[in-house]
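Asker: Below is the structure I would like to discuss, written out as structure tokens.
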Amino acid sequence: MIRLVDPYRVKASKPKTKVIIASSTRQGTALRQEDAVQIFEDECVVISDGLSASLHGDIASKIAAETALWAYKHIRLHPSFWVDKKLFMKRIFRSSNLAVWQKLREKECEGGAQTTLTVAIVGPMNVWIGQAGDTGVFLYREGNMKQVTSFDRTPDGLPKHTLGEKRLGLVHEFRSEEFLPHDVLILLSDGAWEHMNNTILKSAAQNTGGSQASLSTAAEVLLDAVMKRGGKSNMSIVLIKKLPAS
């Protein structure tokens with residue numbers, strides 16, 4: 001008797017790839033911790049960095065990161081937004097910016113507060129990145145390191161686009177990248193990437209291993225390198241690695 005194979009069942013039973021994420025944040029010698037990192041399972045990563053030039057950058061950063069992750073969790077429940085990832089990201093940034101703007105109306109934030117914000121959404125085959133600010137985002141693949149986002153700054157050396165400047169009309173950068181097995185996505189706040197180079201980043205990516213523990217070790221090694229190279233301000237790193245199907 002010939003037994004027919006259901007192709008859909010075979011497809012569903014195939015082993016799936018796995019995504020692992022590790023992060024580390026240090027205050028350095030700064031008086032306040034203005035970096036914030038939020039992670040939701042293996043789907044979404046948020047990193048924000050309050051501007052030290054503003055009086056309440058730490059508050060703005062915390063609110064932006066928390067609101068961005070909250071927005072992702074809620075917007076993802078509406079399938080229509082998965083069709084247009086750019087619109088999905090725009091909604092996240094609009095919600096986060098409005099939360100920061102509203103906070104600035106309160107007395108504890110008199111004097112202003114601004115923050116950068118970077119959001120990475122990991123899909124089955126791609127990663128989508130939204131950014132307002134100057135966080136460094138790099139993609140490592142097969143020995144090559146690619147800079148994903150731009151470092152858009154003013155002549156004064158400050159991020160050109162940040163949350164908290166205006167209520168509406170926030171301009172954010174949007175990128176879509178293929179995310180394959182063995183790829184490593186590296187997110188670095190400016191306090192970290194300013195002391196980095198491609199050689200150090202490649203070495204770290206190549207030594208991320210295939211476990212949560214090895215990825216966490218790689219993150220700590222990178223921040224150790226930042227401090228040895230003179231890093232003193234707030235510094236944060238997030239590593240996202242896709243593992244092949246076992």
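Going through the structure tokens in order, the chains are called A, B, and so on, while each chain numbers its residues from 1 and the ligands are numbered from 1 in the order shown.
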Write out as a ChimeraX atom specification all residues of stretch 7-242 of chain A that backbone DSSP assigns to helix (DSSP H, G or I).
Answerer: /A:7-13,57-75,80-83,85-103,107-109,190-193,198-206,212-228
Asker: Could you check the closest approach to A:Arg91 for each of A:Leu188, A:Gln147, A:Gly123, A:Leu168 and tell me which residue wins, using only C-alpha atoms?
Answerer: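 Going through A:Leu188, A:Gln147, A:Gly123, A:Leu168 one by one, the smallest distance to A:Arg91 is for A:Leu168.
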Asker: Hey, could you make a per-residue contact list for stretch 133-174 of chain A against stretch 46-55 of chain A with 10 Å as the cut-off, showing the nearest pair of atoms and its distance in Å to one decimal, counting only C-alpha atoms, sorted by chain and number, as a tab-separated table?
Answerer:
```
residue	atom	partner	partner_atom	distance
A:Gly133	CA	A:Asp49	CA	8.5
A:Asp134	CA	A:Asp49	CA	9.0
A:Thr135	CA	A:Asp49	CA	8.1
A:Leu158	CA	A:Leu51	CA	8.3
A:Pro159	CA	A:Leu51	CA	8.7
A:Thr162	CA	A:Leu51	CA	8.9
A:Leu163	CA	A:Gly50	CA	9.3
```
Asker: For atom CA of A:Ala245 and atom CA of A:Thr17, determine how far apart the two atoms are, in Å to one decimal place.
Answerer: 4.4 Å
Asker: For A:Asn198, which residue among A:Arg175, A:Arg76, A:Lys241, A:Lys146 is the nearest when counting only C-alpha atoms?
Answerer: A:Lys146
Asker: Within 9 Å of stretch 27-30 of chain A, counting only C-alpha atoms, which residues show up once you throw out same-chain ones fewer than 6 positions away? Write them as an NGL selection string, please.
Answerer: :A and (227 or 231-236)
Asker: Just the selected residues (all heavy atoms), exported as a PDB file, in the first residue's frame, please.
Answerer:
```pdb
ATOM      1  N   MET A 227      35.445  50.178  27.794  1.00  0.00           N
ATOM      2  CA  MET A 227      36.030  50.840  28.960  1.00  0.00           C
ATOM      3  C   MET A 227      37.561  50.906  28.859  1.00  0.00           C
ATOM      4  O   MET A 227      38.174  51.899  29.241  1.00  0.00           O
ATOM      5  CB  MET A 227      35.599  50.115  30.234  1.00  0.00           C
ATOM      6  CG  MET A 227      34.089  50.134  30.442  1.00  0.00           C
ATOM      7  SD  MET A 227      33.540  49.479  32.030  1.00  0.00           S
ATOM      8  CE  MET A 227      34.015  50.827  33.121  1.00  0.00           C
ATOM      9  N   GLY A 231      36.057  54.537  27.313  1.00  0.00           N
ATOM     10  CA  GLY A 231      34.640  54.794  27.495  1.00  0.00           C
ATOM     11  C   GLY A 231      34.305  55.093  28.955  1.00  0.00           C
ATOM     12  O   GLY A 231      34.654  54.322  29.833  1.00  0.00           O
ATOM     13  N   LYS A 232      33.620  56.197  29.196  1.00  0.00           N
ATOM     14  CA  LYS A 232      33.293  56.592  30.572  1.00  0.00           C
ATOM     15  C   LYS A 232      31.808  56.909  30.764  1.00  0.00           C
ATOM     16  O   LYS A 232      31.322  56.889  31.898  1.00  0.00           O
ATOM     17  CB  LYS A 232      34.126  57.821  30.968  1.00  0.00           C
ATOM     18  CG  LYS A 232      35.621  57.557  31.030  1.00  0.00           C
ATOM     19  CD  LYS A 232      36.378  58.803  31.450  1.00  0.00           C
ATOM     20  CE  LYS A 232      37.888  58.522  31.528  1.00  0.00           C
ATOM     21  NZ  LYS A 232      38.653  59.734  31.935  1.00  0.00           N
ATOM     22  N   SER A 233      31.106  57.214  29.702  1.00  0.00           N
ATOM     23  CA  SER A 233      29.695  57.577  29.841  1.00  0.00           C
ATOM     24  C   SER A 233      28.821  56.324  29.852  1.00  0.00           C
ATOM     25  O   SER A 233      29.321  55.197  29.788  1.00  0.00           O
ATOM     26  CB  SER A 233      29.282  58.505  28.699  1.00  0.00           C
ATOM     27  OG  SER A 233      29.432  57.857  27.455  1.00  0.00           O
ATOM     28  N   ASN A 234      27.515  56.514  29.922  1.00  0.00           N
ATOM     29  CA  ASN A 234      26.584  55.377  29.848  1.00  0.00           C
ATOM     30  C   ASN A 234      26.861  54.580  28.580  1.00  0.00           C
ATOM     31  O   ASN A 234      27.093  55.148  27.523  1.00  0.00           O
ATOM     32  CB  ASN A 234      25.145  55.863  29.810  1.00  0.00           C
ATOM     33  CG  ASN A 234      24.743  56.653  31.042  1.00  0.00           C
ATOM     34  OD1 ASN A 234      23.771  57.374  31.005  1.00  0.00           O
ATOM     35  ND2 ASN A 234      25.477  56.541  32.137  1.00  0.00           N
ATOM     36  N   MET A 235      26.805  53.270  28.692  1.00  0.00           N
ATOM     37  CA  MET A 235      27.046  52.427  27.524  1.00  0.00           C
ATOM     38  C   MET A 235      26.135  51.207  27.578  1.00  0.00           C
ATOM     39  O   MET A 235      25.951  50.600  28.630  1.00  0.00           O
ATOM     40  CB  MET A 235      28.508  51.992  27.456  1.00  0.00           C
ATOM     41  CG  MET A 235      28.988  51.231  28.678  1.00  0.00           C
ATOM     42  SD  MET A 235      30.770  50.951  28.713  1.00  0.00           S
ATOM     43  CE  MET A 235      31.348  52.555  29.294  1.00  0.00           C
ATOM     44  N   SER A 236      25.534  50.881  26.433  1.00  0.00           N
ATOM     45  CA  SER A 236      24.645  49.719  26.352  1.00  0.00           C
ATOM     46  C   SER A 236      24.910  48.961  25.072  1.00  0.00           C
ATOM     47  O   SER A 236      25.274  49.544  24.049  1.00  0.00           O
ATOM     48  CB  SER A 236      23.177  50.152  26.387  1.00  0.00           C
ATOM     49  OG  SER A 236      22.855  50.766  27.609  1.00  0.00           O
TER      50      SER A 236
END
```
Asker: A:Lys103: which residues within 12 Å, counting only C-alpha atoms, same-chain residues fewer than 6 positions away excluded, as a PyMOL selection string?
Answerer: chain A and resi 56-57+59-64+67+96-97+109-114+163-165+167
Asker: Residues of stretch 9-127 of chain A classed as strand (DSSP E or B) by DSSP on the backbone are to be reported as JSON, numbers by chain.
Answerer: {"A": [18, 19, 20, 21, 22, 23, 24, 25, 26, 35, 36, 37, 38, 39, 40, 44, 45, 46, 47, 48, 49, 50, 115, 116, 117, 118, 119, 120, 121, 122, 126, 127]}
Asker: Between atom CA of A:Val171 and atom CA of A:Ala68, what distance in Å does the model show, to one decimal?
Answerer: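 Going from atom CA of A:Val171 over to atom CA of A:Ala68 covers 15.4 Å.
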Asker: Just give me the gap between atom CA of A:Leu31 and atom CA of A:Ser189 in Å, one decimal is fine.
Answerer: 16.9 Å
Asker: Which one is closest to A:Trp82: A:Ile121, A:Leu223, A:Val37, A:Val45? Count only C-alpha atoms.
Answerer: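 Among the listed residues, A:Ile121 lies closest to A:Trp82.
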Asker: Need the shell around A:Asp84: protein/DNA/RNA residues with any atom at most 12 Å away, counting only C-alpha atoms. Skip same-chain ones fewer than 6 positions apart. Format as a VMD selection string?
Answerer: chain A and resid 75 to 76 78 90 to 91 128 174 176
Asker: Name all residues at most 12 Å from A:Asn207 (count only C-alpha atoms; drop same-chain ones fewer than 2 positions away) and give them as a list in words.
Answerer: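 Using only C-alpha atoms, the neighbours found are Tyr140, Gly143, His182, Val184, Ile200, Leu201, Lys202, Ser203, Ala204, Ala205, Gly209, Gly210, Ser211, Ala213, Ser214, Leu215, Ser216, Thr217, Ala218, Ala219, Glu220, Val221, Leu222, Leu239 and Lys241 of chain A.
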